[in-house]
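Reviewing the structure listed below.
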Amino acid sequence: MSTQDAYEEYYVPHNSKLPIFASLGIFLTVFGMGNMFNETKAGVDSVFGEIVFLLGGLTMAATLWAWFSVVIRENHQKLYSDQMNRSYVWGMSWFIFSEVMFFAAFFGALFYVRFFVVDWIGGVGDRGPSDMIWPEYVPHWPMVNPPNPELFPGPAEIINPWGLPLLNTILLVSSSFTVTLAHHGIKEGNRKKLVNWLALTVILGLTFLVVQGYEYYHAYQDLGLTLASGIFGTTFFMLTGFHGAHVTLGTIMLIVMLGRALKGHFEADDCFGFEAASWYWHFVDVVWLGLFIFVYVLGS
Amino acid sequence: MSAVIEEHHPDDHHHGPDKGIMRWVFTTNHKDIGTLYLWFSFAMFLFGGVMALCIRAELFQPGLQIVSPELFNQLTTMHGLVMVFGAVMPAFVGLANWLVPMMIGAPDMALPRMNNYSFWILPFAFSMLASTFLMEGGAPNFGWTFYAPLSTDFAPPSVTFFIFAVHMMGISSIMGSINVIVTILNLRAPGMTLMRMPLFVWTWLITAYLLIAVMPVLAGVVTMMLMDIHFGTAFFNAGGGGDPVLFQHVFWFFGHPEVYIMILPAFGVVSAIIPTFARKKLFGYDSMVYASASIAFLSFIVWAHHMFTVGIPLAGELYFMYATMLIAVPTGVKVFNWVATMWQGSMTFETPMLFAIAFVILFTIGGFSGLMLAITPVDFQYHDTYFVVAHFHYVLVPGSVFAIMAAVYYWIPKWTGNMYNEPLGKTHFWLSFIGVNITFFPQHFVGLAGMPRRIPDYALQFADWNMVSSCGAFLFGFSQLLFLFIVIQTVRGGKPATEKVWEGAHGLEWTIPSPAPYHTFSTPPKEIPEAHG
Amino acid sequence: MNTVMRMWFAVAPLLLLSNAALADWSAVNMRQGVTEISRGVYDLHMIIFYVCCVIGVIVFGTMIVSMLMHRKSIGAEPATFHENTRLEVIWTVIPIVILVVMAIPATSTLRDMYEAGESDLDIEVRGYQWKWQYTYLNDDPAKEIQFMSALRTSQDEINNLENKGEHYLLDVDNPLVIPINKRVRFLVTAQDVIHAFWVPDFAVKKDAIPGFVHEAWTVVEEPGIYRGQCAELCGKDHGFMPIVVRAVPEHEYAMWVAEKQQEAQAAFETVGKTWSMEELMTKGEEVYMQHCVACHQANGQGIPPAFPSLVGQGVSVGSIDDHIDIVLNGKAGTAMQAFGLQLNPAEVAAVITYERNAWGNNMNDMVQPKKLGTMMASQ
Ligand code: HEA
Ligand code: HEA
Ligand code: CUA
Ligand SMILES: [Cu+2]
């Protein structure tokens with residue numbers, strides 16, 4: 001098919017009710033969340049925020065469901081040319097790039113505090129004699145002794161990388177392999193292979209989440225390592241937390257793909273939905289490797 | 001295959017717009033969405049402008065007369081936010097929506113439904129932001145740069161909604177940019193090679209890339225604030241091992257590219273208009289492309305020039321000074337190329353050209369003051385004074401805003417099929433040109449003389465020039481009502497525009513009828529013109 | 001042609017306006033200041049300004065010539081040239097050269113500013129919402145001089161109820177006093193939000209960042225009074241926290257130090273005596289009007305929700321210990337500061353007594369400075 005022909009078939013939907021609902025959904029979600037947070041902070045006893053948040057979440061979920069259904073249906077109707085599919089490929093790639101930059105902000109924050117601020121607060125380095133303010137403080141990473149221990153009580157201990165985190169690394173890395181094997185399944189037209197490996201990937205993902213949940217529990221209960229235990233806890237939970245949120249999202253995507261695979265979707269030359277989910281999964285995996293190295297191993 | 005399409009959407013290829021308001025709500029058409037963006041942006045320009053006029057009215061004389069100091073800070077903050085995120089950025093997205101598909105011979109934007117989504121998030125986001133004025137404790141009052149800890153531990157409760165509004169704007173911008181990039185990379189008509197694309201398309205490609213790279217960082221930094229405020233984290237609190245300056249690093253890593261996001265598409269607009277009215281091909285097309293890319297690249301590595309006074313070690317200060325100065329080079333290349341384009345042309349001075357020429361001159365003046373700010377030891381004196389305010393209004397108002405207006409005058413005949421009223425357009429230009437200079441030129445003086453920014457009241461020696469500046473602001477502000485009038489008049493009627501509209505115009509958008517049909521280039525154009533501007 | 005005419009019409013009033021101002025350059029230009037550094041900075045400023053002017057004249061001149069000569073209305077035909085690599089290289093290289101030349105003096109001035117020399121006097125400068133605290137560091141803490149420095153301009157002047165004085169908004173109750181020809185080191189920090197310590201005549205501007213200490217220094221050559229302002233948005237009264245520095249010859253400085261140290265001694269003694277309710281109320285009102293009124297307002301009603309009312313609610317009509325605690329130690333994460341760091345025991349005792357008995361808060365109890373003195377000393 002020449003580019004010229006492909007181009008002529010570019011499908012432009014006439015109009016769509018989906019986006020306005022998605023806008024409304026996102027608005028209600030964040031508006032509800034804002035109210036929730038502010039009510040909690042002000043000590044107001046009200047469920048207004050929760051209700052709006054829930055409404056927003058449901059609207060969002062329903063709209064996304066409908067949206068993807070429409071896209072899948074259109075694809076099955078063969079409305080999409082190769083060129084159209086390329087648009088989706090590009091779109092997904094740039095979306096992942098934006099996610100990379102989001103994590104970059106948090107990694108940047110980690111490096112900055114770790115390599116500069118920890119020392120500067122103790123008056124070490126060329127920023128100024130800040131130790132005037134914090135005479136008791138000794139620069140040390142991981143920071144178990146925040147300068148103001150009353151406001152930010154430091155953790156008793158931090159997580160040992162060679163326990164649960166190592167297990168999680170193994171889980172995620174192997175899930176990257178399994179998802180690739182599932183992809184091979186599509187390419188070979190072997191649905192059973194696809195379904196089995198994909199299901200295993202989902203199980204690995206879920207196990208990862210359970211392990212991480214347990215790790216958090218352990219950190220809070222036993223180690224005194226919390227969001228509020230100073231910058232170490234802050235960066236630790238923010239980075240691993242956002243990563244966990246992305247794993248959750250990725251797992252949901254994979255579950256949806258599993259459902260579609262069971263319904264008989266995906267052909268060797270038509271499986272972008274699956275591929276997008278698997279790219280996302282690989283991206284999440286790579287971020288984890290970064291976390292494992294910079295937060296867990298080099299952090300301790 | 002097309003038979004399949006016909007089955008499900010009999011009128012899919014050549015239908016017109018729907019009727020009624022729902023046309024605008026449900027539309028997936030790039031022209032409709034472009035129009036929505038442009039009107040939204042104009043509304044925000046008035047909203048931000050009214051706040052600016054309140055600021056200028058308060059600063060007309062020393063003493064407190066109109067607004068309280070709390071409200072003043074809220075006005076300054078919201079003025080900056082609304083102008084940047086509500087007026088200038090959406091205006092350029094609107095132009096991209098209208099023009100990019102027509103310029104590269106594409107049938108629409110690549111992801112039309114997402115395009116609608118990107119737009120409709122904005123009214124929700126800005127309603128939420130504007131509603132903070134009515135909340136207990138008032139609107140955000142910590143400047144558009146919202147430095148922690150003033151914006152975290154010491155902020156009014158409405159900061160939570162501000163944070164979420166920023167998240168929504170970010171989502172909108174990222175989706176909008178993905179759309180632009182994908183459209184440009186994937187939907188060019190056969191034969192439209194990258195180096196044949198109009199510069200407006202080039203600059204938008206680069207801008208979109210910048211947006212995707214930095215909007216997530218902005219989302220990251222407001223998320224850190226959210227966590228510090230509500231969940232006890234210590235990002236910006238030395239007591240927990242954090243650092244308020246960390247906020248500034250992350251913010252300006254976004255913030256500096258952001259200012260080029262607001263100027264690069266303007267460069268593209270001007271590069272289209274000057275060749276048209278000089279009747280001469282753009283000078284140095286290739287170097288213009290490379291210069292734009294260099295500016296974008298450099299913009300990532302200069303952020304700390306906004307933070308020279310925060311106590312960065314010497315080596316850091318020197319590095320950021322040198323890198324910042326370097327940006328003058330590719331920007332200079334652009335300016336020189338525009339001048340060379342005008343040189344030995346055959347110029348006429350219709351309204352778009354007047355705005356474009358004013359852009360080149362006044363933007364350059366703003367660039368000069370930028371270069372002065374880049375000299376670190378001197379920035380210690382300039383920083384956080386009205387000299388900075390003068391600098392960025394010169395690059396933003398007669399820079400970005402003039403470019404947007406030039407674009408509207410230039411392409412409105414294509415959009416509406418009607419010519420605007422030329423004498424009125426020229427009047428609008430001259431009023432704006434004079435107004436803008438009276439407003440912002442004296443701000444250099446008060447800044448150098450030592451007037452800090454973001455203050456509701458000032459010492460007596462600054463009184464005269466502030467009064468001049470305030471007068472100019474009202475002149476400039478009210479002139480924009482004339483602009484509104486001209487646009488409405490043109491939308492409703494006027495002398496019919498020809499296909500090509502301007503004698504010297506080149507490019508695909510001038511090969512289709514005026515007004516541009518609802519769907520253009522459903523089949524790709526056969527002839528792809530050489531790059532001209 | 002008439003476009004050009006119109007352009008001149010536009011520019012003429014501007015030129016006239018600026019001509020009127022030329023009579024007094026200080027109103028439109030940076031000042032040279034009174035230190036070696038500040039003069040260096042001024043010179044740099046002028047160089048880069050002239051460089052820009054020259055480039056501006058060339059660029060805008062070319063444009064204007066082009067607009068005059070290459071216009072269709074006088075029959076100009078468009079040329080066809082549209083690229084020239086040599087030109088592109090030239091106008092890339094020449095600006096680079098200019099910038100390099102510019103960077104050399106800029107670098108050397110910056111290095112001078114960062115030069116860490118031995119200082120003769122160390123002063124800690126601490127920004128508060130919305131005033132400054134100066135501490136003259138001394139190895140012997142008993143000899144440290146410490147005081148707050150806040151705006152002196154009256155509210156009536158600000159609200160246009162009274163004529164504005166000469167130093168409207170640029171006057172403080174206790175100026176910073178430094179000796180001339182000595183190297184004075186400022187250790188700049190902040191208690192709550194970011195402020196910036198800026199004295200234009202010294203070319204010193206340093207952000208005051210809570211939790212960190214930054215250094216700046218100056219050697220003032222001429223005695224005089226130098227005025228600056230806080231230069232970082234720090235909340236409501238950011239526009240109302242000026243800085244005044246009095247630079248004096250060394251002997252005068254010595255006298256001032258002696259006087260300050262005596263004052264501190266006297267204040268210390270008043271803490272020891274037993275105060276009457278009346279004395280406490282008078283002193284309390286004075287302190288309140290100076291330190292508390294910005295947030296809690298003259299009528300005690302505050303500006304809720306940011307700044308709570310002290311009338312008929314909360315600790316002011318409740319537990320006296322909690323009241324003392326919040327005034328002494330502030331409340332972390334809010335604008336309410338630890339006034340134990342700023343006020344002496346007598347002042348704290350007085351202001352607490354005042355709050356408990358003013359505006360109809362008739363608690364009829366009082367706090368004696370003595371009690372606070374022991375509390376504060378034990379901390
Ligand atoms: C459209 C927006 C825009 C643009 C294009 C620019 C362009 C530039 N800006 Fe500006 N800037 C802002 C918007 C913008 N800025 C804003 C909003 C702020 C304030 C934010 C805040 O604090 O609220 C700011 C603040 C700001 C600061 C911080 C000041 C301070 O707070 O202390 C600095 C410091 O270096 C700076 C520098 C520059 C430089 C060097 C350029 C350069 O890109 C300019 C280059 C152009 C030229 C130099 C002119 C043309 C060139 C020639 C004709 C070639 C020959 C010239 C020479 C060799 C001299 N800007
Ligand atoms: C693109 C961005 C942009 C634009 C276009 C403008 C436009 C203007 N700005 Fe703005 N400005 C900023 C970006 C911008 N500004 C930023 C980022 C800041 C920093 C904020 C901060 O410190 O945090 C700032 C700060 C700022 C200050 C400093 C405030 C301070 O430090 O305290 C001032 C003061 O004069 C000012 C003035 C103006 C004026 C007079 C205009 C004029 O161009 C406005 C023109 C006026 C109108 C367009 C109004 C038209 C409307 C009417 C006439 C009424 C009709 C009414 C209805 C129909 C309802 N601006
Ligand atoms: Cu303190 Cu501004
Ligand atoms: Cu910048």
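Labeling convention for the structure tokens: chains A, B, ... as they appear, residues from 1 per chain, ligands from 1 in order of appearance.
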
Nearby residues, ligand 4, 8 Å, only C-alpha atoms and all ligand atoms, as a CSV table (one decimal) with C-alpha atoms, in the first residue's frame:
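Written out: result12.csv:
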```csv
chain,number,residue,atom,x,y,z
B,252,TRP,CA,12.7,26.6,36.7
B,255,GLY,CA,9.9,27.5,33.8
B,256,HIS,CA,12.7,28.5,31.6
B,257,PRO,CA,11.7,26.2,28.7
B,259,VAL,CA,9.2,31.0,28.3
B,299,SER,CA,16.6,26.3,27.1
B,302,VAL,CA,20.1,27.6,31.8
B,303,TRP,CA,17.3,27.4,34.3
B,304,ALA,CA,19.2,28.7,37.3
B,305,HIS,CA,19.6,32.2,35.8
B,306,HIS,CA,16.3,32.9,37.7
```

Can you tell me which residues come within 6 Å of ligand 2 when counting only C-alpha atoms and all ligand atoms, ideally as a list in words?
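With only C-alpha atoms and all ligand atoms and a cut-off of 6 Å, ligand 2 is contacted by Phe45, Leu46, Gly49, Val50, Ala52, Leu53, Ile55, Arg56, Thr76, Thr77, Gly80, Met83, Val84, Val88, Gly143, Trp144, Thr145, His393, Leu396, Val397, Arg453, Arg454, Ile455, Ala473, Phe476, Gly477, Phe478 and Gln480 of chain B.
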
Show me, as a ChimeraX atom specification, the residues that have an atom within 12 Å of B:His167 when counting only C-alpha atoms, minus same-chain residues fewer than 2 positions from it.
/A:26-27,29-31,34,102 /B:85,121-122,124-126,128-129,160-165,169-174,215-223,226

List every residue of chain C that has an atom at most 12 Å from any atom of ligand 3, giving for each one its closest atom pair and the distance in Å to one decimal, counting only C-alpha atoms and all ligand atoms, sorted by chain and then by ascending residue number, as JSON lines.
```
{"residue": "C:Val125", "atom": "CA", "partner": "ligand 3", "partner_atom_place_in_ligand_line": "1 (Cu)", "distance": 11.9}
{"residue": "C:Arg126", "atom": "CA", "partner": "ligand 3", "partner_atom_place_in_ligand_line": "1 (Cu)", "distance": 10.0}
{"residue": "C:Gly127", "atom": "CA", "partner": "ligand 3", "partner_atom_place_in_ligand_line": "1 (Cu)", "distance": 6.4}
{"residue": "C:Tyr128", "atom": "CA", "partner": "ligand 3", "partner_atom_place_in_ligand_line": "1 (Cu)", "distance": 6.8}
{"residue": "C:Gln129", "atom": "CA", "partner": "ligand 3", "partner_atom_place_in_ligand_line": "1 (Cu)", "distance": 6.1}
{"residue": "C:Trp130", "atom": "CA", "partner": "ligand 3", "partner_atom_place_in_ligand_line": "1 (Cu)", "distance": 5.5}
{"residue": "C:Lys131", "atom": "CA", "partner": "ligand 3", "partner_atom_place_in_ligand_line": "1 (Cu)", "distance": 7.0}
{"residue": "C:Trp132", "atom": "CA", "partner": "ligand 3", "partner_atom_place_in_ligand_line": "1 (Cu)", "distance": 8.3}
{"residue": "C:Gln133", "atom": "CA", "partner": "ligand 3", "partner_atom_place_in_ligand_line": "1 (Cu)", "distance": 11.6}
{"residue": "C:Ala150", "atom": "CA", "partner": "ligand 3", "partner_atom_place_in_ligand_line": "1 (Cu)", "distance": 10.8}
{"residue": "C:Leu151", "atom": "CA", "partner": "ligand 3", "partner_atom_place_in_ligand_line": "1 (Cu)", "distance": 11.5}
{"residue": "C:Thr189", "atom": "CA", "partner": "ligand 3", "partner_atom_place_in_ligand_line": "1 (Cu)", "distance": 11.2}
{"residue": "C:Ala190", "atom": "CA", "partner": "ligand 3", "partner_atom_place_in_ligand_line": "1 (Cu)", "distance": 9.0}
{"residue": "C:Gln191", "atom": "CA", "partner": "ligand 3", "partner_atom_place_in_ligand_line": "1 (Cu)", "distance": 10.5}
{"residue": "C:Asp192", "atom": "CA", "partner": "ligand 3", "partner_atom_place_in_ligand_line": "1 (Cu)", "distance": 9.6}
{"residue": "C:Val193", "atom": "CA", "partner": "ligand 3", "partner_atom_place_in_ligand_line": "1 (Cu)", "distance": 7.9}
{"residue": "C:Ile194", "atom": "CA", "partner": "ligand 3", "partner_atom_place_in_ligand_line": "1 (Cu)", "distance": 6.9}
{"residue": "C:His195", "atom": "CA", "partner": "ligand 3", "partner_atom_place_in_ligand_line": "1 (Cu)", "distance": 4.1}
{"residue": "C:Ala196", "atom": "CA", "partner": "ligand 3", "partner_atom_place_in_ligand_line": "1 (Cu)", "distance": 6.3}
{"residue": "C:Phe197", "atom": "CA", "partner": "ligand 3", "partner_atom_place_in_ligand_line": "1 (Cu)", "distance": 8.2}
{"residue": "C:Trp198", "atom": "CA", "partner": "ligand 3", "partner_atom_place_in_ligand_line": "2 (Cu)", "distance": 10.2}
{"residue": "C:Lys206", "atom": "CA", "partner": "ligand 3", "partner_atom_place_in_ligand_line": "1 (Cu)", "distance": 11.7}
{"residue": "C:Asp207", "atom": "CA", "partner": "ligand 3", "partner_atom_place_in_ligand_line": "1 (Cu)", "distance": 9.6}
{"residue": "C:Ala208", "atom": "CA", "partner": "ligand 3", "partner_atom_place_in_ligand_line": "1 (Cu)", "distance": 8.6}
{"residue": "C:Ile209", "atom": "CA", "partner": "ligand 3", "partner_atom_place_in_ligand_line": "1 (Cu)", "distance": 10.6}
{"residue": "C:Pro210", "atom": "CA", "partner": "ligand 3", "partner_atom_place_in_ligand_line": "1 (Cu)", "distance": 11.8}
{"residue": "C:Gly228", "atom": "CA", "partner": "ligand 3", "partner_atom_place_in_ligand_line": "2 (Cu)", "distance": 11.4}
{"residue": "C:Gln229", "atom": "CA", "partner": "ligand 3", "partner_atom_place_in_ligand_line": "2 (Cu)", "distance": 7.7}
{"residue": "C:Cys230", "atom": "CA", "partner": "ligand 3", "partner_atom_place_in_ligand_line": "2 (Cu)", "distance": 4.4}
{"residue": "C:Ala231", "atom": "CA", "partner": "ligand 3", "partner_atom_place_in_ligand_line": "2 (Cu)", "distance": 5.4}
{"residue": "C:Glu232", "atom": "CA", "partner": "ligand 3", "partner_atom_place_in_ligand_line": "2 (Cu)", "distance": 4.4}
{"residue": "C:Leu233", "atom": "CA", "partner": "ligand 3", "partner_atom_place_in_ligand_line": "2 (Cu)", "distance": 4.4}
{"residue": "C:Cys234", "atom": "CA", "partner": "ligand 3", "partner_atom_place_in_ligand_line": "2 (Cu)", "distance": 4.1}
{"residue": "C:Gly235", "atom": "CA", "partner": "ligand 3", "partner_atom_place_in_ligand_line": "2 (Cu)", "distance": 6.8}
{"residue": "C:Lys236", "atom": "CA", "partner": "ligand 3", "partner_atom_place_in_ligand_line": "2 (Cu)", "distance": 8.7}
{"residue": "C:Asp237", "atom": "CA", "partner": "ligand 3", "partner_atom_place_in_ligand_line": "2 (Cu)", "distance": 7.2}
{"residue": "C:His238", "atom": "CA", "partner": "ligand 3", "partner_atom_place_in_ligand_line": "2 (Cu)", "distance": 3.8}
{"residue": "C:Gly239", "atom": "CA", "partner": "ligand 3", "partner_atom_place_in_ligand_line": "2 (Cu)", "distance": 6.5}
{"residue": "C:Phe240", "atom": "CA", "partner": "ligand 3", "partner_atom_place_in_ligand_line": "2 (Cu)", "distance": 7.8}
{"residue": "C:Met241", "atom": "CA", "partner": "ligand 3", "partner_atom_place_in_ligand_line": "1 (Cu)", "distance": 6.0}
{"residue": "C:Pro242", "atom": "CA", "partner": "ligand 3", "partner_atom_place_in_ligand_line": "1 (Cu)", "distance": 8.5}
{"residue": "C:Ile243", "atom": "CA", "partner": "ligand 3", "partner_atom_place_in_ligand_line": "1 (Cu)", "distance": 10.1}
```

Could you please extract the residues within 7 Å of ligand 1, counting only C-alpha atoms and all ligand atoms, and hand them back as number ranges by chain?
B: 144-145, 259-260, 262-263, 305-308, 324-325, 327-329, 331-333, 335-336, 364-368, 370-371, 373-375, 379, 382-384, 388-389, 391-392, 395-396, 399-400; C: 51-52, 55-56, 59, 95-96, 98-99

Using only C-alpha atoms, which chain A residues lie at most 6 Å away from chain C, written as an MDAnalysis selection string?
chainID A and resid 128:130

Put those residues in a file: C-alpha atoms, as a PDB file, in the first residue's frame.
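File produced: part.pdb:
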```pdb
ATOM      1  CA  GLY A 128      27.305  28.632  53.566  1.00  0.00           C
ATOM      2  CA  PRO A 129      27.611  27.921  57.306  1.00  0.00           C
ATOM      3  CA  SER A 130      24.139  26.432  57.731  1.00  0.00           C
TER       4      SER A 130
END
```

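Remark: for B:Thr309, the closest of the candidate residues C:Val177, C:Tyr253, C:Phe307, C:Ala203 is C:Ala203 (distances computed over only C-alpha atoms).
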
Counting only C-alpha atoms, a student should be able to say which residues of chain B come within 7 Å of chain A; what is the right answer, written as a ChimeraX atom specification?
/B:5,12,25-28,110,112-114,116-117,120-121,124,157,160-161,164,178,182,186,190,212-213,216-217,220,230,232-235,239-243,246,250,311-313,522-523

Please return, as a VMD selection string, all residues of stretch 178-295 of chain B that DSSP assigns to alpha helix (DSSP H) on the basis of the backbone.
chain B and resid 178 to 186 199 to 230 244 to 261 264 to 278 285 to 295

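When atom CA of B:Ala278 is paired with atom CA of B:Trp430, their separation reads 20.2 Å.
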
Applying 12 Å and only C-alpha atoms, which residues near B:Ala340 remain after dropping the ones on its own chain fewer than 5 positions away? List them as a VMD selection string.
(chain B and resid 271 274 to 275 278 280 to 285 333 to 335 345) or (chain C and resid 59 to 60 62 to 63 65 to 67 70 79 to 84 87 to 88 91)

Export N, CA, C and O atoms of the chosen residues as a CSV table (one decimal), in the first residue's frame?
```csv
chain,number,residue,atom,x,y,z
B,271,SER,N,7.9,34.5,11.0
B,271,SER,CA,8.6,34.0,9.8
B,271,SER,C,7.7,33.7,8.6
B,271,SER,O,8.1,33.6,7.5
B,274,ILE,N,6.5,38.0,7.6
B,274,ILE,CA,7.5,38.9,6.9
B,274,ILE,C,7.8,38.6,5.5
B,274,ILE,O,7.7,39.5,4.6
B,275,PRO,N,8.0,37.3,5.1
B,275,PRO,CA,8.2,37.0,3.7
B,275,PRO,C,7.0,37.4,2.8
B,275,PRO,O,7.2,37.9,1.7
B,278,ALA,N,7.1,41.1,2.5
B,278,ALA,CA,8.3,41.6,1.8
B,278,ALA,C,8.4,41.1,0.4
B,278,ALA,O,9.2,41.4,-0.4
B,280,LYS,N,9.3,38.2,-0.6
B,280,LYS,CA,10.6,37.7,-0.8
B,280,LYS,C,10.7,36.5,0.1
B,280,LYS,O,10.2,36.5,1.2
B,281,LYS,N,11.3,35.5,-0.4
B,281,LYS,CA,11.5,34.2,0.4
B,281,LYS,C,12.2,34.5,1.7
B,281,LYS,O,13.1,35.3,1.8
B,282,LEU,N,11.8,33.7,2.7
B,282,LEU,CA,12.5,33.9,4.0
B,282,LEU,C,14.0,33.7,3.8
B,282,LEU,O,14.4,32.7,3.2
B,283,PHE,N,14.8,34.6,4.4
B,283,PHE,CA,16.2,34.4,4.3
B,283,PHE,C,16.7,33.4,5.3
B,283,PHE,O,16.3,33.4,6.4
B,284,GLY,N,17.5,32.4,4.8
B,284,GLY,CA,18.2,31.5,5.7
B,284,GLY,C,17.2,30.5,6.3
B,284,GLY,O,17.3,30.3,7.6
B,285,TYR,N,16.4,29.9,5.5
B,285,TYR,CA,15.4,28.9,6.1
B,285,TYR,C,16.1,27.9,6.9
B,285,TYR,O,15.7,27.6,8.1
B,333,VAL,N,20.6,35.1,15.4
B,333,VAL,CA,20.5,34.6,14.0
B,333,VAL,C,19.1,34.7,13.4
B,333,VAL,O,18.9,35.2,12.3
B,334,LYS,N,18.1,34.5,14.3
B,334,LYS,CA,16.7,34.6,13.8
B,334,LYS,C,16.4,36.1,13.5
B,334,LYS,O,15.9,36.4,12.4
B,335,VAL,N,16.8,37.0,14.4
B,335,VAL,CA,16.5,38.4,14.1
B,335,VAL,C,17.2,38.9,12.9
B,335,VAL,O,16.6,39.5,12.0
B,345,GLY,N,13.3,43.8,-0.2
B,345,GLY,CA,12.0,43.2,-0.5
B,345,GLY,C,11.2,44.3,-1.2
B,345,GLY,O,11.7,45.3,-1.6
C,59,VAL,N,20.8,47.0,14.1
C,59,VAL,CA,19.7,46.1,13.6
C,59,VAL,C,18.5,47.0,13.2
C,59,VAL,O,17.9,46.9,12.1
C,60,PHE,N,18.1,47.9,14.1
C,60,PHE,CA,16.9,48.7,13.9
C,60,PHE,C,17.2,49.7,12.7
C,60,PHE,O,16.3,49.9,11.9
C,62,THR,N,19.1,49.2,10.1
C,62,THR,CA,18.9,48.4,8.9
C,62,THR,C,17.5,48.2,8.6
C,62,THR,O,17.0,48.4,7.4
C,63,MET,N,16.7,47.9,9.6
C,63,MET,CA,15.3,47.7,9.3
C,63,MET,C,14.6,49.0,8.8
C,63,MET,O,13.8,48.9,7.9
C,65,VAL,N,16.0,51.6,7.4
C,65,VAL,CA,16.4,51.9,6.0
C,65,VAL,C,15.6,51.0,5.0
C,65,VAL,O,15.1,51.5,4.0
C,66,SER,N,15.5,49.8,5.4
C,66,SER,CA,14.8,48.8,4.5
C,66,SER,C,13.4,49.2,4.4
C,66,SER,O,12.8,49.2,3.3
C,67,MET,N,12.8,49.6,5.5
C,67,MET,CA,11.3,50.0,5.4
C,67,MET,C,11.1,51.2,4.6
C,67,MET,O,10.1,51.4,3.9
C,70,HIS,N,12.8,50.0,0.6
C,70,HIS,CA,12.3,48.8,0.0
C,70,HIS,C,10.9,48.5,0.1
C,70,HIS,O,10.4,47.5,0.6
C,79,ALA,N,14.1,41.4,-4.4
C,79,ALA,CA,15.3,40.7,-4.8
C,79,ALA,C,15.0,39.2,-4.7
C,79,ALA,O,13.9,38.8,-4.1
C,80,THR,N,15.8,38.3,-5.2
C,80,THR,CA,15.5,36.9,-5.1
C,80,THR,C,16.5,36.1,-4.2
C,80,THR,O,16.3,34.9,-4.0
C,81,PHE,N,17.5,36.8,-3.6
C,81,PHE,CA,18.4,36.1,-2.8
C,81,PHE,C,17.7,35.6,-1.5
C,81,PHE,O,16.8,36.2,-1.0
C,82,HIS,N,18.1,34.4,-1.0
C,82,HIS,CA,17.4,33.9,0.2
C,82,HIS,C,18.3,33.1,1.1
C,82,HIS,O,17.9,32.4,2.0
C,83,GLU,N,19.6,33.0,0.7
C,83,GLU,CA,20.5,32.4,1.7
C,83,GLU,C,21.9,32.8,1.4
C,83,GLU,O,22.2,33.2,0.3
C,84,ASN,N,22.7,32.7,2.4
C,84,ASN,CA,24.1,33.1,2.3
C,84,ASN,C,24.9,32.6,3.5
C,84,ASN,O,24.7,33.1,4.6
C,87,LEU,N,27.2,34.9,5.4
C,87,LEU,CA,26.6,35.8,6.3
C,87,LEU,C,26.1,35.2,7.6
C,87,LEU,O,26.3,35.7,8.7
C,88,GLU,N,25.6,34.0,7.4
C,88,GLU,CA,25.1,33.3,8.6
C,88,GLU,C,26.2,33.0,9.6
C,88,GLU,O,26.1,33.2,10.8
C,91,TRP,N,27.2,36.4,11.3
C,91,TRP,CA,26.4,36.9,12.4
C,91,TRP,C,26.1,35.8,13.5
C,91,TRP,O,25.4,36.0,14.4
```

What lies within 9 Å of A:Arg191 using only C-alpha atoms, ignoring chain neighbours under 5 positions off, as a PyMOL selection string?
chain A and resi 182+185-186+196+261-262+264

re atom CA of A:Tyr137 and atom CA of A:Phe236: distance 20.8 Å

Expressed in Å to a single decimal, how great is the separation between atom CA of C:Val184 and atom CA of C:Glu252?
16.0 Å

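Near B:Pro524, within 7 Å and counting only C-alpha atoms, sit Gly105, Ala106 and Ala189 of chain B; same-chain residues fewer than 6 positions away were not included.
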
Could those selected residues go to a file with N, CA, C and O atoms, as a short mmCIF file (atom, residue, chain, number, x, y, z; two decimals), in the first residue's frame?
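So out29.cif came out as:
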```
data_model
loop_
_atom_site.label_atom_id
_atom_site.label_comp_id
_atom_site.auth_asym_id
_atom_site.auth_seq_id
_atom_site.Cartn_x
_atom_site.Cartn_y
_atom_site.Cartn_z
N GLY B 105 -0.89 19.77 4.70
CA GLY B 105 -1.77 18.99 3.83
C GLY B 105 -2.36 17.77 4.49
O GLY B 105 -2.49 16.72 3.88
N ALA B 106 -2.71 17.90 5.77
CA ALA B 106 -3.31 16.77 6.49
C ALA B 106 -4.82 16.97 6.59
O ALA B 106 -5.30 18.09 6.57
N ALA B 189 1.50 15.48 4.00
CA ALA B 189 1.14 15.00 2.67
C ALA B 189 2.38 14.43 2.02
O ALA B 189 3.49 14.89 2.29
#
```
